[in-house]
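Novice: Handing you a structure now.
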Amino acid sequence: SVLSRYENQITILSDYLEEFPETDEPVWILGRQHHLNTDKSKLLLDISARLWFTYRRKFSPIGGTGPSSDAGWGCMLRCGQMMLAQALICRHLGRDWQWEKHKKQPEEYHRILRCFLDRKDCCYSIHQMAQMGVGEGKSIGEWFGPNTVAQVLKKLALFDEWNSLAVYVSMDNTVVIEDIKKMCWSPAQSSGVAHSSAHLHRSALGPNKNTAGLCPGWKPLLLIIPLRLGINHINPVYIDAFKECFKMPQSLGALGGKPNNAYYFIGFLGNELIYLDPHTTQSFVDSEENGTVDDESFHCQQAPHRMKIMNLDPSVALGFFCKEECDFDNWCSLVQKEILKQQSLRMFELVQKHPPHWPPFIPPSKPEVTTTGAELIESTDKLFELEEEFEILSV
């Protein structure tokens with residue numbers, strides 16, 4: 001039945017166009033503007049630098065006895081991996097980092113890749129994501145939606161000490177500034193005195209300076225906003241605001257697609273969305289003894305797919321990355337200016353204070369074990385000590 005479902009997911013050629021047209025319109029890719037007439041090669045390099053995760057086969061069975069391929073059911077999980085990987089690239093290498101075939105890459109790059117290898121002891125592997133999905137009501141091998149994959153990433157990030165991300169998934173189409181700032185400041189800095197002191201030190205030092213041992217405590221933010229932009233089809237009133245999100249320097253694109261066909265949207269040209277497609281089945285790749293990864297199959301080296309924005313399923317999830325607090329403050333200003341003030345029907349709400357009718361906001365901590373049959377690594381620091389045993393938290 002898995003093979004049958006996979007065959008039914010083969011992309012119809014009419015849904016996308018391979019070659020970019022001759023046009024003066026700019027192309028936007030994750031907050032960067034490109035012009036086809038002058039820098040098409042830079043555009044293609046920018047796209048190929050994104051980590052591309054696809055279906056894989058011949059990995060160790062999930063849970064020991066489960067599937068050894070995610071073909072036919074893992075496309076949204078792969079798209080979630082791509083969005084998270086882009087956040088980690090921005091975190092460690094910067095948005096303007098470029099990938100070139102056969103070029104030696106920094107250790108941080110290989111370390112990021114190792115987080116996503118198809119092994120049960122890798123923190124964001126298909127194994128970890130599928131098993132954590134059990135706690136979200138998804139059986140292993142069942143298709144995820146954008147919100148479910150966002151919830152899974154939020155939980156897995158709590159075990160990831162190396163990247164130390166704060167993952168905020170909005171509720172009820174509402175982003176609460178107060179809650180995000182509470183979550184992103186570490187406990188030592190979130191008290192009034194320490195928080196004010198950190199700001200005072202940073203103000204005195206200037207924006208790009210720091211003192212030895214001073215750690216303001218802001219955890220880099222991965223912000224995911226699940227949305228429903230219509231009932232059966234996307235409402236045209238949201239299109240301009242949706243496109244505006246890809247222009248923001250904090251953009252991580254969007255998760256979405258069509259029913260049971262997930263894509264990772266990274267930009268747009270006119271009224272066409274540009275996306276990376278996970279519906280290619282490749283063989284499992286493991287790391288080498290020295291910790292490097294044969295990475296050629298993790299980068300899409302062909303023209304990306306495009307689809308008309310009106311063909312998009314209305315269920316989507318926007319992603320943004322804010323490495324510093326000033327990045328988040330800037331994002332809030334852009335949302336107010338470019339999205340909220342110009343929309344009669346708002347795509348989402350941005351509010352300063354926690355709504356009083358909501359339950360109190362408690363920053364998430366490493367969760368109690370509630371799922372069955374899953375294994376969670378305790379931290380990525382242990383994961384990368386290749387000579388030591390992995391400490392596994394049985395779930």
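Identifiers in this document derive from the order of the structure tokens: chains are assigned A, B, ..., residues are numbered from 1 separately in each chain, and ligands are numbered from 1 in order of occurrence.
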Excluding Ser251 of chain A and any residue of its chain fewer than 5 positions from it, enumerate the residues within 6 Å of it, using only C-alpha atoms, and give them as a VMD selection string.
Specialist: chain A and resid 30 to 31 246 320
Novice: So that I can check the surroundings of segment 260-272 of chain A, please list as an MDAnalysis selection string every protein, DNA and RNA residue that reaches within 9 Å of it, counting only C-alpha atoms and ignoring chain neighbours fewer than 6 positions away.
Specialist: chainID A and resid 9 11 16 20 25:31 47 72:80 82:83 143:146 239 243 246:247 251:254 278:279 306:310
Novice: Quick one: residues within 8 Å of Leu93 of chain A, only C-alpha atoms counted, chain neighbours fewer than 5 positions away excluded, as a VMD selection string?
Specialist: chain A and resid 88 108 to 109
Novice: Go ahead and write the residues just picked, N, CA and C atoms, as an mmCIF file, in the first residue's frame.
Specialist:
data_model
loop_
_atom_site.group_PDB
_atom_site.id
_atom_site.type_symbol
_atom_site.label_atom_id
_atom_site.label_comp_id
_atom_site.auth_asym_id
_atom_site.auth_seq_id
_atom_site.Cartn_x
_atom_site.Cartn_y
_atom_site.Cartn_z
ATOM 1 N N LEU A 88 19.403 26.403 11.086
ATOM 2 C CA LEU A 88 20.714 26.058 11.636
ATOM 3 C C LEU A 88 21.845 26.619 10.773
ATOM 4 N N GLU A 108 31.092 23.005 11.162
ATOM 5 C CA GLU A 108 29.717 23.263 11.577
ATOM 6 C C GLU A 108 28.717 22.759 10.529
ATOM 7 N N TYR A 109 29.089 22.867 9.273
ATOM 8 C CA TYR A 109 28.204 22.408 8.196
ATOM 9 C C TYR A 109 27.985 20.902 8.291
#
Novice: To test your reading of the structure, identify every residue in segment 6-236 of chain A that backbone DSSP assigns to strand (DSSP E or B), and report it as a PyMOL selection string.
Specialist: chain A and resi 26-29+32-35+51+55-57+69+166-169+171+174-176+185+218+221-228+230+234
Novice: Give me, as a PyMOL selection string, all polymer residues having an atom no more than 12 Å from segment 284-294 of chain A, counting only C-alpha atoms and skipping those fewer than 4 positions away in the same chain.
Specialist: chain A and resi 53-61+68-70+101-122+125-126+298-299+383-387
Novice: What are the closest atom pairs, with distances in Å to one decimal, for each residue of segment 233-267 of chain A lying within 9 Å of segment 321-339 of chain A, using only C-alpha atoms, rows by chain and rising residue number, as CSV?
Specialist:
residue,atom,partner,partner_atom,distance
A:Asp240,CA,A:Ile339,CA,8.5
A:Ala241,CA,A:Ile339,CA,5.5
A:Phe242,CA,A:Ile339,CA,8.6
A:Glu244,CA,A:Glu338,CA,7.1
A:Cys245,CA,A:Ile339,CA,8.4
A:Met248,CA,A:Trp331,CA,7.5
A:Pro249,CA,A:Trp331,CA,8.3
A:Gln250,CA,A:Phe321,CA,5.1
A:Ser251,CA,A:Phe321,CA,6.5
A:Leu252,CA,A:Phe321,CA,6.5
Novice: Show me, as a PyMOL selection string, the residues that have an atom within 9 Å of segment 340-349 of chain A when counting only C-alpha atoms, minus same-chain residues fewer than 6 positions from it.
Specialist: chain A and resi 172-176+225+227-229+237-238+241-242
Novice: Give the answer as one residue: which of A:Glu296, A:Arg91, A:Ala150, A:Lys182 has the shortest atom-to-atom distance to Pro220 of chain A, using only C-alpha atoms?
Specialist: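 Smallest separation from Pro220 of chain A among the options: A:Arg91.
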Novice: Which polymer residues have any atom within 12 Å of an atom of Asn232 of chain A, counting only C-alpha atoms, with same-chain residues fewer than 2 positions away left out, as a VMD selection string?
Specialist: chain A and resid 228 to 230 234 to 235 258 to 259 310 to 315
Novice: Residues as selected, N, CA, C and O atoms, written as a tab-separated table (two decimals), in the first residue's frame, can you do that?
Specialist:
chain	number	residue	atom	x	y	z
A	228	ARG	N	-4.30	28.83	8.29
A	228	ARG	CA	-5.31	28.32	7.36
A	228	ARG	C	-5.76	29.53	6.53
A	228	ARG	O	-6.47	30.40	7.02
A	229	LEU	N	-5.33	29.59	5.28
A	229	LEU	CA	-5.55	30.77	4.45
A	229	LEU	C	-6.75	30.63	3.54
A	229	LEU	O	-6.77	31.16	2.42
A	230	GLY	N	-7.75	29.93	4.00
A	230	GLY	CA	-8.96	29.72	3.22
A	230	GLY	C	-9.63	28.44	3.67
A	230	GLY	O	-9.18	27.80	4.63
A	234	ILE	N	-6.92	28.70	-1.31
A	234	ILE	CA	-6.35	29.89	-0.69
A	234	ILE	C	-7.18	31.11	-1.06
A	234	ILE	O	-7.59	31.28	-2.22
A	235	ASN	N	-7.49	31.95	-0.08
A	235	ASN	CA	-8.24	33.17	-0.31
A	235	ASN	C	-7.31	34.21	-0.93
A	235	ASN	O	-6.25	34.53	-0.37
A	258	LYS	N	-0.02	20.60	-1.45
A	258	LYS	CA	-1.36	20.16	-1.82
A	258	LYS	C	-1.68	18.96	-0.95
A	258	LYS	O	-0.79	18.41	-0.30
A	259	PRO	N	-2.93	18.52	-0.89
A	259	PRO	CA	-3.27	17.39	-0.01
A	259	PRO	C	-2.34	16.20	-0.23
A	259	PRO	O	-2.21	15.70	-1.36
A	310	MET	N	-2.14	30.21	-6.49
A	310	MET	CA	-3.55	29.87	-6.27
A	310	MET	C	-3.77	28.36	-6.20
A	310	MET	O	-4.84	27.91	-5.81
A	311	ASN	N	-2.77	27.57	-6.61
A	311	ASN	CA	-2.88	26.11	-6.50
A	311	ASN	C	-2.46	25.60	-5.12
A	311	ASN	O	-2.53	24.40	-4.85
A	312	LEU	N	-2.02	26.51	-4.26
A	312	LEU	CA	-1.54	26.14	-2.93
A	312	LEU	C	-2.70	25.72	-2.03
A	312	LEU	O	-3.74	26.38	-1.98
A	313	ASP	N	-2.51	24.62	-1.31
A	313	ASP	CA	-3.48	24.23	-0.29
A	313	ASP	C	-3.49	25.29	0.80
A	313	ASP	O	-2.42	25.81	1.17
A	314	PRO	N	-4.65	25.67	1.34
A	314	PRO	CA	-4.69	26.77	2.32
A	314	PRO	C	-4.02	26.47	3.65
A	314	PRO	O	-3.78	27.38	4.45
A	315	SER	N	-3.69	25.20	3.92
A	315	SER	CA	-3.03	24.86	5.18
A	315	SER	C	-1.52	24.97	5.00
A	315	SER	O	-0.90	24.20	4.28
Novice: Got a sec: who's within 9 Å of Thr148 of chain A, counting only C-alpha atoms, leaving out chain neighbours fewer than 5 positions off, as a list in words?
Specialist: Gly133, Glu136, Lys138 and Leu153 of chain A
Novice: Rank nothing, just name the residue among A:Gln151, A:Asn163, A:Ser297, A:Thr280 nearest to Pro364 of chain A, using only C-alpha atoms.
Specialist: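 Selected residue with least distance to Pro364 of chain A: A:Gln151.
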